[in-house]
Amino acid sequence: MLPDLLVIMVVEDSPEIQTLIDEALREGGFDPAITASGEEAVTLLRGNRDHYRALVTDVNLKGTMNGWEVAERIKAKSPDTPVFLLTGWGESVAAHEGSQFVDRVVAKPVSAEALMEQLAELRRTRAPAP
């Protein structure tokens, strides 16, 4: 990994969307770490909090943990980690009690352009001082 790349944890259980996000992040200068499991993401982030610069998670995940729960657990351990939520729910996510743990919402179907727009600000705010 090059030192100027920002590592982004992505939690998505659809192989097609994993590929789309992986390609978009790599083209955008990010280093994606992709998992299909909320449980695995929480474990990885817990042990390497400073390594990952943001979390992008789908709302609906297979397994025992959904995206809301992933966001809540990450924010409990690392409140400064930006959490991006992928959802097809539209504006109704703002009313969900878990929205307090989410920094940005990215609508599905996700486009590379929309995701990169959301992450562009992260890159600007995390850029090293000259």
# chains A, B, ... in the order shown; residues from 1 in each chain; ligands from 1

$ residues_around --residues "Thr64 of chain A" --least-positions-apart "5" --cutoff "12 Å" --atoms "only C-alpha atoms" --output "PyMOL selection string"
chain A and resi 36-40+69-70

$ select_by_dssp --residues "segment 2-118 of chain A" --states "strand (DSSP E or B)" --output "list of chain:residue names"
A:Leu6, A:Val7, A:Ile8, A:Met9, A:Val10, A:Val11, A:Phe30, A:Asp31, A:Pro32, A:Ala33, A:Ile34, A:Thr35, A:Tyr52, A:Arg53, A:Ala54, A:Leu55, A:Val56, A:Thr57, A:Asp58, A:Val83, A:Phe84, A:Leu85, A:Leu86, A:Thr87, A:Arg104, A:Val105, A:Val106, A:Ala107

$ write_last_selection --atoms "C-alpha atoms" --output "PDB file, in the first residue's frame"
ATOM      1  CA  LEU A   6      -6.579   6.161   2.386  1.00  0.00           C
ATOM      2  CA  VAL A   7      -7.807   2.713   3.414  1.00  0.00           C
ATOM      3  CA  ILE A   8     -11.595   2.427   3.309  1.00  0.00           C
ATOM      4  CA  MET A   9     -13.412  -0.518   4.914  1.00  0.00           C
ATOM      5  CA  VAL A  10     -16.354  -1.607   2.753  1.00  0.00           C
ATOM      6  CA  VAL A  11     -19.074  -3.956   4.033  1.00  0.00           C
ATOM      7  CA  PHE A  30      -8.286   4.881  -2.203  1.00  0.00           C
ATOM      8  CA  ASP A  31      -7.293   1.452  -0.911  1.00  0.00           C
ATOM      9  CA  PRO A  32     -10.472  -0.601  -0.317  1.00  0.00           C
ATOM     10  CA  ALA A  33     -10.650  -3.422   2.214  1.00  0.00           C
ATOM     11  CA  ILE A  34     -13.841  -5.310   1.370  1.00  0.00           C
ATOM     12  CA  THR A  35     -15.782  -7.793   3.476  1.00  0.00           C
ATOM     13  CA  TYR A  52      -8.984   2.573   8.276  1.00  0.00           C
ATOM     14  CA  ARG A  53     -10.035   6.104   7.378  1.00  0.00           C
ATOM     15  CA  ALA A  54     -13.738   5.408   6.806  1.00  0.00           C
ATOM     16  CA  LEU A  55     -16.390   2.712   6.759  1.00  0.00           C
ATOM     17  CA  VAL A  56     -18.833   2.220   3.880  1.00  0.00           C
ATOM     18  CA  THR A  57     -21.571  -0.267   4.764  1.00  0.00           C
ATOM     19  CA  ASP A  58     -24.705  -1.551   3.137  1.00  0.00           C
ATOM     20  CA  VAL A  83     -19.491   6.050   8.397  1.00  0.00           C
ATOM     21  CA  PHE A  84     -21.142   6.010   4.971  1.00  0.00           C
ATOM     22  CA  LEU A  85     -24.375   4.054   4.610  1.00  0.00           C
ATOM     23  CA  LEU A  86     -25.393   2.470   1.298  1.00  0.00           C
ATOM     24  CA  THR A  87     -29.165   2.198   1.033  1.00  0.00           C
ATOM     25  CA  ARG A 104     -23.304  10.236   5.022  1.00  0.00           C
ATOM     26  CA  VAL A 105     -25.940   8.314   3.078  1.00  0.00           C
ATOM     27  CA  VAL A 106     -25.183   7.030  -0.429  1.00  0.00           C
ATOM     28  CA  ALA A 107     -28.237   5.984  -2.447  1.00  0.00           C
TER      29      ALA A 107
END

$ residues_around --residues "Glu113 of chain A" --least-positions-apart "2" --cutoff "12 Å" --atoms "only C-alpha atoms" --output "list in words"
Leu20, Ile21, Glu23, Ala24, Leu25, Glu27, Gly28, Val106, Ala107, Pro109, Val110, Ser111, Leu115, Met116, Glu117, Gln118, Leu119 and Ala120 of chain A

$ select_by_dssp --residues "segment 10-81 of chain A" --states "helix (DSSP H, G or I)" --output "number ranges by chain"
A: 15-27, 38-47, 67-77

$ write_last_selection --atoms "C-alpha atoms" --output "PDB file, in the first residue's frame"
ATOM      1  CA  PRO A  15     -20.293  -9.523  -5.265  1.00  0.00           C
ATOM      2  CA  GLU A  16     -21.371  -7.231  -8.119  1.00  0.00           C
ATOM      3  CA  ILE A  17     -21.518  -4.163  -5.885  1.00  0.00           C
ATOM      4  CA  GLN A  18     -18.249  -5.182  -4.195  1.00  0.00           C
ATOM      5  CA  THR A  19     -16.566  -5.138  -7.610  1.00  0.00           C
ATOM      6  CA  LEU A  20     -18.083  -1.775  -8.547  1.00  0.00           C
ATOM      7  CA  ILE A  21     -17.006  -0.175  -5.270  1.00  0.00           C
ATOM      8  CA  ASP A  22     -13.551  -1.750  -5.359  1.00  0.00           C
ATOM      9  CA  GLU A  23     -12.886  -0.439  -8.867  1.00  0.00           C
ATOM     10  CA  ALA A  24     -14.273   3.032  -8.090  1.00  0.00           C
ATOM     11  CA  LEU A  25     -12.219   3.388  -4.914  1.00  0.00           C
ATOM     12  CA  ARG A  26      -9.002   2.204  -6.571  1.00  0.00           C
ATOM     13  CA  GLU A  27      -9.523   4.576  -9.502  1.00  0.00           C
ATOM     14  CA  GLY A  38     -20.590  -6.855   9.472  1.00  0.00           C
ATOM     15  CA  GLU A  39     -19.063  -9.006  12.190  1.00  0.00           C
ATOM     16  CA  GLU A  40     -15.745  -9.233  10.328  1.00  0.00           C
ATOM     17  CA  ALA A  41     -15.692  -5.490   9.685  1.00  0.00           C
ATOM     18  CA  VAL A  42     -16.227  -4.699  13.369  1.00  0.00           C
ATOM     19  CA  THR A  43     -13.457  -7.120  14.344  1.00  0.00           C
ATOM     20  CA  LEU A  44     -11.021  -5.691  11.776  1.00  0.00           C
ATOM     21  CA  LEU A  45     -11.801  -2.099  12.658  1.00  0.00           C
ATOM     22  CA  ARG A  46     -11.589  -2.776  16.378  1.00  0.00           C
ATOM     23  CA  GLY A  47      -8.024  -4.055  16.053  1.00  0.00           C
ATOM     24  CA  GLY A  67     -25.464  -1.923   8.535  1.00  0.00           C
ATOM     25  CA  TRP A  68     -27.103   0.073  11.330  1.00  0.00           C
ATOM     26  CA  GLU A  69     -25.541  -2.228  13.923  1.00  0.00           C
ATOM     27  CA  VAL A  70     -22.149  -2.047  12.218  1.00  0.00           C
ATOM     28  CA  ALA A  71     -22.318   1.768  12.265  1.00  0.00           C
ATOM     29  CA  GLU A  72     -23.333   1.849  15.933  1.00  0.00           C
ATOM     30  CA  ARG A  73     -20.536  -0.492  17.026  1.00  0.00           C
ATOM     31  CA  ILE A  74     -17.903   1.381  15.027  1.00  0.00           C
ATOM     32  CA  LYS A  75     -18.983   4.761  16.385  1.00  0.00           C
ATOM     33  CA  ALA A  76     -18.992   3.385  19.954  1.00  0.00           C
ATOM     34  CA  LYS A  77     -15.318   2.400  19.635  1.00  0.00           C
TER      35      LYS A  77
END

$ atom_distance --atom1 "atom CA of Pro82 of chain A" --atom2 "atom CA of Ser14 of chain A"
22.0 Å

$ atom_distance --atom1 "atom CA of Asp80 of chain A" --atom2 "atom CA of Asn48 of chain A"
13.7 Å
